[in-house]
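Chemist: Would you mind keeping the following structure in view while I ask a few things?
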Amino acid sequence: MSNKKRISDTIKSDLKQAVLDGVYKPGDKLSPEIEIARKYGVSKVSAREALRELESEGLIVKKRGIFGGSFVAEPGAEKIVDVVTNAFLFGGVTVTDLAEFRQILEPGLARLAAKRRTESDLALMEEYIAAIHLSIEKGDPDQTKAIGFHKLIADACHNRFISGLMGALVHVFQQVLDKEPDLETARKDVRFNELFFEHIKARDGEKAEVVMQEHFNALEEIIRQRRENGETIT
């Protein structure tokens with residue numbers, strides 16, 4: 001059993017390296033199991049195990065049918081979303097853990113966004129703020145959009161990894177905090193978003209960073225109150 005594990009690990013490692021070296025590119029089809037097994041002088045079971053592990057890591061996708069097989073996956077932020085969401089749902093990671101991480105991460109992102117933002121970034125932020133105000137006026141605040149504003153700040157940093165990671169974190173918080181409409185909280189949130197926008201537009205990273213820290217102090221209080229009210233927040 002241990003020998004089979006070593007063989008499948010070797011196959012997996014070699015295939016990963018082939019992708020890194022550009023031998024295989026996103027969308028390329030890998031050799032069939034039987035050819036991989038023949039190359040390494042092992043059974044198809046070992047080759048199948050290596051491919052299964054690559055699939056579980058999101059590095060390849062399997063397609064059925066006459067044109068099916070194992071294909072190198074296209075890189076995408078959804079992989080990060082899956083990892084963070086699964087860590088929250090099944091891995092013992094709590095809302096408090098994620099909020100603490102965001103509290104460390106996002107003040108720096110606000111500062112960077114103020115430096116790198118474009119006019120397109122600002123236009124999208126304005127659209128979000130207008131939509132949030134409209135939902136508040138209707139008495140049905142859009143909490144998911146208010147939280148989603150933080151993804152816009154991350155996008156304004158123009159760093160693909162930052163955008164992917166924040167997309168994952170925002171996805172979890174949108175699910176956790178999407179409760180009954182709370183007009184008071186919504187008004188406070190949109191005010192923070194307006195301040196983020198104001199300082200990022202002015203390229204004042206220092207003020208944007210300070211406001212972000214204040215925002216997380218407020219978020220910590222919201223989570224505490226919901227726990228005290230008996231709401232389910234893991």
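Chain identifiers are assigned as A, B, and so on, following the order in which chains appear in the structure tokens; residues are numbered from 1 within each chain, and ligands are numbered from 1 in order of appearance.
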Env of A:Ile136: 8 Å cut, atoms = only C-alpha atoms, seq-sep filter 5 positions within chain, self excluded. Answer as a ChimeraX atom specification.
Modeler: /A:141-142,183,186-187
Chemist: Which residues come within 12 Å of A:Glu126, counting only C-alpha atoms, excluding same-chain residues fewer than 3 positions away, as a PDB file with all heavy atoms, in the first residue's frame?
Modeler:
```pdb
ATOM      1  N   GLU A 119     -10.470  55.103 -12.664  1.00  0.00           N
ATOM      2  CA  GLU A 119     -11.783  55.731 -12.770  1.00  0.00           C
ATOM      3  C   GLU A 119     -12.882  54.681 -12.901  1.00  0.00           C
ATOM      4  O   GLU A 119     -13.994  54.874 -12.405  1.00  0.00           O
ATOM      5  CB  GLU A 119     -11.809  56.690 -13.981  1.00  0.00           C
ATOM      6  CG  GLU A 119     -10.929  57.917 -13.820  1.00  0.00           C
ATOM      7  CD  GLU A 119     -11.292  58.745 -12.596  1.00  0.00           C
ATOM      8  OE1 GLU A 119     -12.501  58.980 -12.389  1.00  0.00           O
ATOM      9  OE2 GLU A 119     -10.371  59.143 -11.856  1.00  0.00           O
ATOM     10  N   SER A 120     -12.568  53.580 -13.545  1.00  0.00           N
ATOM     11  CA  SER A 120     -13.549  52.489 -13.664  1.00  0.00           C
ATOM     12  C   SER A 120     -13.875  51.896 -12.300  1.00  0.00           C
ATOM     13  O   SER A 120     -15.034  51.568 -12.011  1.00  0.00           O
ATOM     14  CB  SER A 120     -13.019  51.395 -14.594  1.00  0.00           C
ATOM     15  OG  SER A 120     -12.863  51.871 -15.908  1.00  0.00           O
ATOM     16  N   ASP A 121     -12.862  51.750 -11.467  1.00  0.00           N
ATOM     17  CA  ASP A 121     -13.085  51.255 -10.103  1.00  0.00           C
ATOM     18  C   ASP A 121     -14.025  52.195  -9.354  1.00  0.00           C
ATOM     19  O   ASP A 121     -14.973  51.751  -8.687  1.00  0.00           O
ATOM     20  CB  ASP A 121     -11.764  51.163  -9.331  1.00  0.00           C
ATOM     21  CG  ASP A 121     -10.814  50.123  -9.903  1.00  0.00           C
ATOM     22  OD1 ASP A 121     -11.294  49.059 -10.349  1.00  0.00           O
ATOM     23  OD2 ASP A 121      -9.595  50.379  -9.902  1.00  0.00           O
ATOM     24  N   LEU A 122     -13.780  53.488  -9.472  1.00  0.00           N
ATOM     25  CA  LEU A 122     -14.607  54.472  -8.764  1.00  0.00           C
ATOM     26  C   LEU A 122     -16.048  54.457  -9.275  1.00  0.00           C
ATOM     27  O   LEU A 122     -16.998  54.549  -8.487  1.00  0.00           O
ATOM     28  CB  LEU A 122     -14.017  55.880  -8.935  1.00  0.00           C
ATOM     29  CG  LEU A 122     -12.647  56.129  -8.316  1.00  0.00           C
ATOM     30  CD1 LEU A 122     -12.183  57.550  -8.623  1.00  0.00           C
ATOM     31  CD2 LEU A 122     -12.668  55.897  -6.809  1.00  0.00           C
ATOM     32  N   ALA A 123     -16.210  54.300 -10.576  1.00  0.00           N
ATOM     33  CA  ALA A 123     -17.557  54.279 -11.149  1.00  0.00           C
ATOM     34  C   ALA A 123     -18.365  53.095 -10.618  1.00  0.00           C
ATOM     35  O   ALA A 123     -19.552  53.226 -10.285  1.00  0.00           O
ATOM     36  CB  ALA A 123     -17.469  54.218 -12.673  1.00  0.00           C
ATOM     37  N   ILE A 129     -22.893  51.951  -4.183  1.00  0.00           N
ATOM     38  CA  ILE A 129     -23.414  52.821  -3.125  1.00  0.00           C
ATOM     39  C   ILE A 129     -24.823  53.288  -3.465  1.00  0.00           C
ATOM     40  O   ILE A 129     -25.715  53.303  -2.599  1.00  0.00           O
ATOM     41  CB  ILE A 129     -22.469  54.023  -2.907  1.00  0.00           C
ATOM     42  CG1 ILE A 129     -21.156  53.540  -2.264  1.00  0.00           C
ATOM     43  CG2 ILE A 129     -23.125  55.080  -2.018  1.00  0.00           C
ATOM     44  CD1 ILE A 129     -20.080  54.600  -2.161  1.00  0.00           C
ATOM     45  N   ALA A 130     -25.060  53.644  -4.711  1.00  0.00           N
ATOM     46  CA  ALA A 130     -26.397  54.080  -5.135  1.00  0.00           C
ATOM     47  C   ALA A 130     -27.409  52.954  -4.969  1.00  0.00           C
ATOM     48  O   ALA A 130     -28.545  53.174  -4.504  1.00  0.00           O
ATOM     49  CB  ALA A 130     -26.353  54.555  -6.580  1.00  0.00           C
ATOM     50  N   ALA A 131     -27.011  51.727  -5.330  1.00  0.00           N
ATOM     51  CA  ALA A 131     -27.915  50.573  -5.210  1.00  0.00           C
ATOM     52  C   ALA A 131     -28.231  50.274  -3.748  1.00  0.00           C
ATOM     53  O   ALA A 131     -29.373  49.927  -3.401  1.00  0.00           O
ATOM     54  CB  ALA A 131     -27.289  49.353  -5.874  1.00  0.00           C
ATOM     55  N   ILE A 132     -27.237  50.428  -2.887  1.00  0.00           N
ATOM     56  CA  ILE A 132     -27.457  50.184  -1.455  1.00  0.00           C
ATOM     57  C   ILE A 132     -28.421  51.227  -0.890  1.00  0.00           C
ATOM     58  O   ILE A 132     -29.343  50.899  -0.134  1.00  0.00           O
ATOM     59  CB  ILE A 132     -26.116  50.195  -0.685  1.00  0.00           C
ATOM     60  CG1 ILE A 132     -25.229  49.038  -1.153  1.00  0.00           C
ATOM     61  CG2 ILE A 132     -26.369  50.094   0.820  1.00  0.00           C
ATOM     62  CD1 ILE A 132     -23.784  49.149  -0.692  1.00  0.00           C
ATOM     63  N   HIS A 133     -28.223  52.490  -1.251  1.00  0.00           N
ATOM     64  CA  HIS A 133     -29.122  53.552  -0.789  1.00  0.00           C
ATOM     65  C   HIS A 133     -30.556  53.277  -1.238  1.00  0.00           C
ATOM     66  O   HIS A 133     -31.513  53.461  -0.467  1.00  0.00           O
ATOM     67  CB  HIS A 133     -28.661  54.913  -1.318  1.00  0.00           C
ATOM     68  CG  HIS A 133     -27.648  55.584  -0.439  1.00  0.00           C
ATOM     69  ND1 HIS A 133     -27.917  55.938   0.866  1.00  0.00           N
ATOM     70  CD2 HIS A 133     -26.369  55.970  -0.682  1.00  0.00           C
ATOM     71  CE1 HIS A 133     -26.854  56.514   1.394  1.00  0.00           C
ATOM     72  NE2 HIS A 133     -25.895  56.538   0.480  1.00  0.00           N
ATOM     73  N   ALA A 146     -23.639  45.455   0.281  1.00  0.00           N
ATOM     74  CA  ALA A 146     -22.833  46.233   1.220  1.00  0.00           C
ATOM     75  C   ALA A 146     -21.535  45.504   1.541  1.00  0.00           C
ATOM     76  O   ALA A 146     -20.459  46.104   1.582  1.00  0.00           O
ATOM     77  CB  ALA A 146     -23.634  46.501   2.495  1.00  0.00           C
ATOM     78  N   PHE A 149     -19.026  45.381  -1.388  1.00  0.00           N
ATOM     79  CA  PHE A 149     -18.222  46.579  -1.629  1.00  0.00           C
ATOM     80  C   PHE A 149     -16.755  46.323  -1.292  1.00  0.00           C
ATOM     81  O   PHE A 149     -15.859  46.892  -1.912  1.00  0.00           O
ATOM     82  CB  PHE A 149     -18.761  47.746  -0.794  1.00  0.00           C
ATOM     83  CG  PHE A 149     -18.240  49.089  -1.217  1.00  0.00           C
ATOM     84  CD1 PHE A 149     -18.875  49.820  -2.212  1.00  0.00           C
ATOM     85  CD2 PHE A 149     -17.095  49.617  -0.642  1.00  0.00           C
ATOM     86  CE1 PHE A 149     -18.386  51.061  -2.610  1.00  0.00           C
ATOM     87  CE2 PHE A 149     -16.603  50.852  -1.034  1.00  0.00           C
ATOM     88  CZ  PHE A 149     -17.247  51.576  -2.024  1.00  0.00           C
ATOM     89  N   LEU A 152     -14.898  45.139  -4.166  1.00  0.00           N
ATOM     90  CA  LEU A 152     -14.540  46.222  -5.089  1.00  0.00           C
ATOM     91  C   LEU A 152     -13.244  46.904  -4.647  1.00  0.00           C
ATOM     92  O   LEU A 152     -12.425  47.287  -5.479  1.00  0.00           O
ATOM     93  CB  LEU A 152     -15.671  47.250  -5.168  1.00  0.00           C
ATOM     94  CG  LEU A 152     -17.033  46.760  -5.659  1.00  0.00           C
ATOM     95  CD1 LEU A 152     -17.978  47.940  -5.799  1.00  0.00           C
ATOM     96  CD2 LEU A 152     -16.912  46.008  -6.976  1.00  0.00           C
ATOM     97  N   ILE A 153     -13.083  47.055  -3.333  1.00  0.00           N
ATOM     98  CA  ILE A 153     -11.844  47.645  -2.809  1.00  0.00           C
ATOM     99  C   ILE A 153     -10.663  46.746  -3.161  1.00  0.00           C
ATOM    100  O   ILE A 153      -9.611  47.220  -3.599  1.00  0.00           O
ATOM    101  CB  ILE A 153     -11.946  47.860  -1.290  1.00  0.00           C
ATOM    102  CG1 ILE A 153     -13.012  48.925  -0.980  1.00  0.00           C
ATOM    103  CG2 ILE A 153     -10.591  48.269  -0.706  1.00  0.00           C
ATOM    104  CD1 ILE A 153     -13.288  49.103   0.505  1.00  0.00           C
ATOM    105  N   VAL A 190     -23.341  51.614   4.889  1.00  0.00           N
ATOM    106  CA  VAL A 190     -23.216  52.413   3.670  1.00  0.00           C
ATOM    107  C   VAL A 190     -22.418  53.684   3.947  1.00  0.00           C
ATOM    108  O   VAL A 190     -21.718  54.192   3.069  1.00  0.00           O
ATOM    109  CB  VAL A 190     -24.591  52.733   3.061  1.00  0.00           C
ATOM    110  CG1 VAL A 190     -25.314  53.820   3.838  1.00  0.00           C
ATOM    111  CG2 VAL A 190     -24.437  53.156   1.593  1.00  0.00           C
ATOM    112  N   ASN A 193     -18.944  52.678   3.612  1.00  0.00           N
ATOM    113  CA  ASN A 193     -18.623  52.542   2.185  1.00  0.00           C
ATOM    114  C   ASN A 193     -18.401  53.901   1.534  1.00  0.00           C
ATOM    115  O   ASN A 193     -17.523  54.056   0.682  1.00  0.00           O
ATOM    116  CB  ASN A 193     -19.737  51.777   1.467  1.00  0.00           C
ATOM    117  CG  ASN A 193     -19.768  50.303   1.831  1.00  0.00           C
ATOM    118  OD1 ASN A 193     -18.785  49.764   2.326  1.00  0.00           O
ATOM    119  ND2 ASN A 193     -20.895  49.659   1.601  1.00  0.00           N
ATOM    120  N   GLU A 194     -19.214  54.863   1.930  1.00  0.00           N
ATOM    121  CA  GLU A 194     -19.048  56.223   1.381  1.00  0.00           C
ATOM    122  C   GLU A 194     -17.708  56.818   1.801  1.00  0.00           C
ATOM    123  O   GLU A 194     -17.047  57.505   1.003  1.00  0.00           O
ATOM    124  CB  GLU A 194     -20.198  57.116   1.867  1.00  0.00           C
ATOM    125  CG  GLU A 194     -21.532  56.799   1.197  1.00  0.00           C
ATOM    126  CD  GLU A 194     -22.696  57.528   1.832  1.00  0.00           C
ATOM    127  OE1 GLU A 194     -22.612  57.892   3.033  1.00  0.00           O
ATOM    128  OE2 GLU A 194     -23.702  57.728   1.143  1.00  0.00           O
ATOM    129  N   LEU A 195     -17.300  56.548   3.027  1.00  0.00           N
ATOM    130  CA  LEU A 195     -15.999  57.050   3.497  1.00  0.00           C
ATOM    131  C   LEU A 195     -14.851  56.349   2.777  1.00  0.00           C
ATOM    132  O   LEU A 195     -13.864  56.984   2.395  1.00  0.00           O
ATOM    133  CB  LEU A 195     -15.871  56.853   5.010  1.00  0.00           C
ATOM    134  CG  LEU A 195     -16.738  57.777   5.878  1.00  0.00           C
ATOM    135  CD1 LEU A 195     -16.674  57.353   7.344  1.00  0.00           C
ATOM    136  CD2 LEU A 195     -16.299  59.229   5.726  1.00  0.00           C
ATOM    137  N   PHE A 196     -14.987  55.023   2.594  1.00  0.00           N
ATOM    138  CA  PHE A 196     -13.970  54.304   1.813  1.00  0.00           C
ATOM    139  C   PHE A 196     -13.837  54.948   0.444  1.00  0.00           C
ATOM    140  O   PHE A 196     -12.728  55.223  -0.028  1.00  0.00           O
ATOM    141  CB  PHE A 196     -14.359  52.831   1.630  1.00  0.00           C
ATOM    142  CG  PHE A 196     -14.410  52.024   2.891  1.00  0.00           C
ATOM    143  CD1 PHE A 196     -15.335  51.006   3.035  1.00  0.00           C
ATOM    144  CD2 PHE A 196     -13.524  52.273   3.929  1.00  0.00           C
ATOM    145  CE1 PHE A 196     -15.387  50.242   4.188  1.00  0.00           C
ATOM    146  CE2 PHE A 196     -13.565  51.520   5.101  1.00  0.00           C
ATOM    147  CZ  PHE A 196     -14.505  50.500   5.227  1.00  0.00           C
ATOM    148  N   PHE A 197     -14.980  55.157  -0.209  1.00  0.00           N
ATOM    149  CA  PHE A 197     -14.989  55.722  -1.553  1.00  0.00           C
ATOM    150  C   PHE A 197     -14.337  57.109  -1.559  1.00  0.00           C
ATOM    151  O   PHE A 197     -13.495  57.414  -2.426  1.00  0.00           O
ATOM    152  CB  PHE A 197     -16.422  55.825  -2.071  1.00  0.00           C
ATOM    153  CG  PHE A 197     -16.530  56.520  -3.395  1.00  0.00           C
ATOM    154  CD1 PHE A 197     -16.213  55.871  -4.578  1.00  0.00           C
ATOM    155  CD2 PHE A 197     -16.926  57.859  -3.469  1.00  0.00           C
ATOM    156  CE1 PHE A 197     -16.297  56.519  -5.797  1.00  0.00           C
ATOM    157  CE2 PHE A 197     -17.014  58.515  -4.684  1.00  0.00           C
ATOM    158  CZ  PHE A 197     -16.698  57.843  -5.852  1.00  0.00           C
ATOM    159  N   GLU A 198     -14.715  57.928  -0.599  1.00  0.00           N
ATOM    160  CA  GLU A 198     -14.202  59.305  -0.525  1.00  0.00           C
ATOM    161  C   GLU A 198     -12.682  59.323  -0.417  1.00  0.00           C
ATOM    162  O   GLU A 198     -12.000  60.069  -1.142  1.00  0.00           O
ATOM    163  CB  GLU A 198     -14.836  59.990   0.694  1.00  0.00           C
ATOM    164  CG  GLU A 198     -14.336  61.404   0.971  1.00  0.00           C
ATOM    165  CD  GLU A 198     -14.939  61.961   2.245  1.00  0.00           C
ATOM    166  OE1 GLU A 198     -16.141  61.719   2.507  1.00  0.00           O
ATOM    167  OE2 GLU A 198     -14.206  62.639   2.994  1.00  0.00           O
ATOM    168  N   ILE A 200     -10.508  56.756  -0.984  1.00  0.00           N
ATOM    169  CA  ILE A 200      -9.863  56.079  -2.109  1.00  0.00           C
ATOM    170  C   ILE A 200      -9.849  56.990  -3.333  1.00  0.00           C
ATOM    171  O   ILE A 200      -8.850  57.064  -4.054  1.00  0.00           O
ATOM    172  CB  ILE A 200     -10.579  54.740  -2.406  1.00  0.00           C
ATOM    173  CG1 ILE A 200     -10.282  53.736  -1.291  1.00  0.00           C
ATOM    174  CG2 ILE A 200     -10.132  54.168  -3.756  1.00  0.00           C
ATOM    175  CD1 ILE A 200     -11.078  52.452  -1.376  1.00  0.00           C
ATOM    176  N   LYS A 201     -10.949  57.687  -3.560  1.00  0.00           N
ATOM    177  CA  LYS A 201     -11.003  58.628  -4.678  1.00  0.00           C
ATOM    178  C   LYS A 201      -9.948  59.715  -4.524  1.00  0.00           C
ATOM    179  O   LYS A 201      -9.293  60.118  -5.499  1.00  0.00           O
ATOM    180  CB  LYS A 201     -12.395  59.259  -4.771  1.00  0.00           C
ATOM    181  CG  LYS A 201     -12.548  60.225  -5.923  1.00  0.00           C
ATOM    182  CD  LYS A 201     -13.961  60.790  -6.002  1.00  0.00           C
ATOM    183  CE  LYS A 201     -14.111  61.731  -7.185  1.00  0.00           C
ATOM    184  NZ  LYS A 201     -15.502  62.288  -7.286  1.00  0.00           N
TER     185      LYS A 201
END
```
Chemist: Please identify all polymer residues within 10 Å of A:Val61, counting only C-alpha atoms, omitting same-chain residues fewer than 2 positions from it, and present them as number ranges by chain.
Modeler: A: 27, 29, 51-52, 54-59, 63, 68-74
Chemist: With a distance cut-off of 12 Å and only C-alpha atoms, select the neighbouring residues of A:Asp14, excluding the residue or stretch itself and same-chain residues fewer than 4 positions from it, and output the selection as a PyMOL selection string.
Modeler: chain A and resi 7-10+18-21+23-24+36+39-40+47+50-51+54
Chemist: Take the residues from that selection and write them out as a JSON list (two decimals), in the first residue's frame, keeping N, CA, C and O atoms.
Modeler:
```
[["chain", "number", "residue", "atom", "x", "y", "z"],
["A", 7, "ILE", "N", 4.23, 5.69, -5.56],
["A", 7, "ILE", "CA", 4.16, 5.74, -7.02],
["A", 7, "ILE", "C", 3.15, 6.77, -7.48],
["A", 7, "ILE", "O", 3.42, 7.59, -8.38],
["A", 8, "SER", "N", 1.97, 6.78, -6.89],
["A", 8, "SER", "CA", 0.95, 7.74, -7.29],
["A", 8, "SER", "C", 1.39, 9.17, -6.98],
["A", 8, "SER", "O", 1.12, 10.10, -7.75],
["A", 9, "ASP", "N", 2.11, 9.35, -5.86],
["A", 9, "ASP", "CA", 2.63, 10.68, -5.52],
["A", 9, "ASP", "C", 3.65, 11.14, -6.55],
["A", 9, "ASP", "O", 3.71, 12.31, -6.92],
["A", 10, "THR", "N", 4.48, 10.19, -7.01],
["A", 10, "THR", "CA", 5.48, 10.52, -8.03],
["A", 10, "THR", "C", 4.81, 10.94, -9.33],
["A", 10, "THR", "O", 5.21, 11.93, -9.97],
["A", 18, "ALA", "N", 4.99, 19.18, -15.02],
["A", 18, "ALA", "CA", 4.78, 19.34, -16.46],
["A", 18, "ALA", "C", 3.90, 20.54, -16.75],
["A", 18, "ALA", "O", 4.11, 21.28, -17.73],
["A", 19, "VAL", "N", 2.90, 20.77, -15.89],
["A", 19, "VAL", "CA", 2.03, 21.95, -16.05],
["A", 19, "VAL", "C", 2.83, 23.22, -15.78],
["A", 19, "VAL", "O", 2.75, 24.20, -16.53],
["A", 20, "LEU", "N", 3.64, 23.20, -14.69],
["A", 20, "LEU", "CA", 4.46, 24.37, -14.36],
["A", 20, "LEU", "C", 5.46, 24.69, -15.46],
["A", 20, "LEU", "O", 5.74, 25.86, -15.74],
["A", 21, "ASP", "N", 6.00, 23.65, -16.09],
["A", 21, "ASP", "CA", 7.00, 23.83, -17.15],
["A", 21, "ASP", "C", 6.37, 24.21, -18.49],
["A", 21, "ASP", "O", 7.09, 24.48, -19.46],
["A", 23, "VAL", "N", 4.57, 22.21, -20.36],
["A", 23, "VAL", "CA", 4.35, 21.04, -21.23],
["A", 23, "VAL", "C", 2.86, 20.87, -21.47],
["A", 23, "VAL", "O", 2.41, 20.58, -22.57],
["A", 24, "TYR", "N", 2.08, 21.06, -20.39],
["A", 24, "TYR", "CA", 0.63, 21.09, -20.48],
["A", 24, "TYR", "C", 0.14, 22.47, -20.10],
["A", 24, "TYR", "O", 0.61, 23.05, -19.12],
["A", 36, "ILE", "N", -0.29, 6.54, -19.03],
["A", 36, "ILE", "CA", 0.48, 6.99, -17.86],
["A", 36, "ILE", "C", 1.01, 5.78, -17.10],
["A", 36, "ILE", "O", 2.18, 5.74, -16.69],
["A", 39, "LYS", "N", 3.88, 4.17, -18.94],
["A", 39, "LYS", "CA", 5.11, 4.98, -18.83],
["A", 39, "LYS", "C", 5.85, 4.70, -17.53],
["A", 39, "LYS", "O", 7.09, 4.64, -17.50],
["A", 40, "TYR", "N", 5.10, 4.52, -16.44],
["A", 40, "TYR", "CA", 5.73, 4.32, -15.13],
["A", 40, "TYR", "C", 5.86, 2.83, -14.77],
["A", 40, "TYR", "O", 6.39, 2.50, -13.71],
["A", 47, "ALA", "N", -2.12, 5.15, -11.53],
["A", 47, "ALA", "CA", -2.33, 6.32, -12.39],
["A", 47, "ALA", "C", -3.66, 6.99, -12.07],
["A", 47, "ALA", "O", -3.76, 8.21, -11.99],
["A", 50, "ALA", "N", -3.46, 9.01, -8.83],
["A", 50, "ALA", "CA", -2.76, 10.29, -9.02],
["A", 50, "ALA", "C", -3.67, 11.31, -9.67],
["A", 50, "ALA", "O", -3.73, 12.48, -9.25],
["A", 51, "LEU", "N", -4.43, 10.88, -10.68],
["A", 51, "LEU", "CA", -5.34, 11.80, -11.38],
["A", 51, "LEU", "C", -6.49, 12.22, -10.46],
["A", 51, "LEU", "O", -6.93, 13.37, -10.50],
["A", 54, "LEU", "N", -5.18, 14.94, -8.22],
["A", 54, "LEU", "CA", -5.06, 16.19, -8.97],
["A", 54, "LEU", "C", -6.42, 16.85, -9.16],
["A", 54, "LEU", "O", -6.56, 18.07, -9.08]]
```
Chemist: Can you list, as number ranges by chain, every residue of chain A that DSSP puts in alpha helix (DSSP H)?
Modeler: A: 2-20, 33-40, 44-56, 78-90, 95-116, 119-137, 143-155, 160-176, 183-201, 205-228
Chemist: Between A:His199, A:Lys115, A:Ile60, A:Arg160, which is the closest to A:Lys25 once you count only C-alpha atoms?
Modeler: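 The shortest atom-to-atom distance to A:Lys25 comes from A:Ile60.
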Chemist: Using only C-alpha atoms, which of A:Arg6, A:Lys151, A:Lys207, A:Arg224 sits nearest A:Leu169?
Modeler: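 So, comparing all the options, the nearest one is A:Lys151.
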Chemist: I'd like to know which of A:Gln103, A:Val210, A:Gly108, A:Gly148 is closest to A:Met125, using only C-alpha atoms.
Modeler: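 Looking only at the distances to A:Met125, the closest residue turns out to be A:Gly148.
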Chemist: Please measure the separation of atom CA of A:Glu106 and atom CA of A:Asn229, giving the value in Å to one decimal.
Modeler: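 Taking atom CA of A:Glu106 and atom CA of A:Asn229, their separation equals 27.6 Å.
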Chemist: Can you work out the spacing between atom CA of A:Val83 and atom CA of A:Phe67 in Å, to one decimal?
Modeler: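 Value for the atom CA of A:Val83-atom CA of A:Phe67 distance: 29.3 Å.
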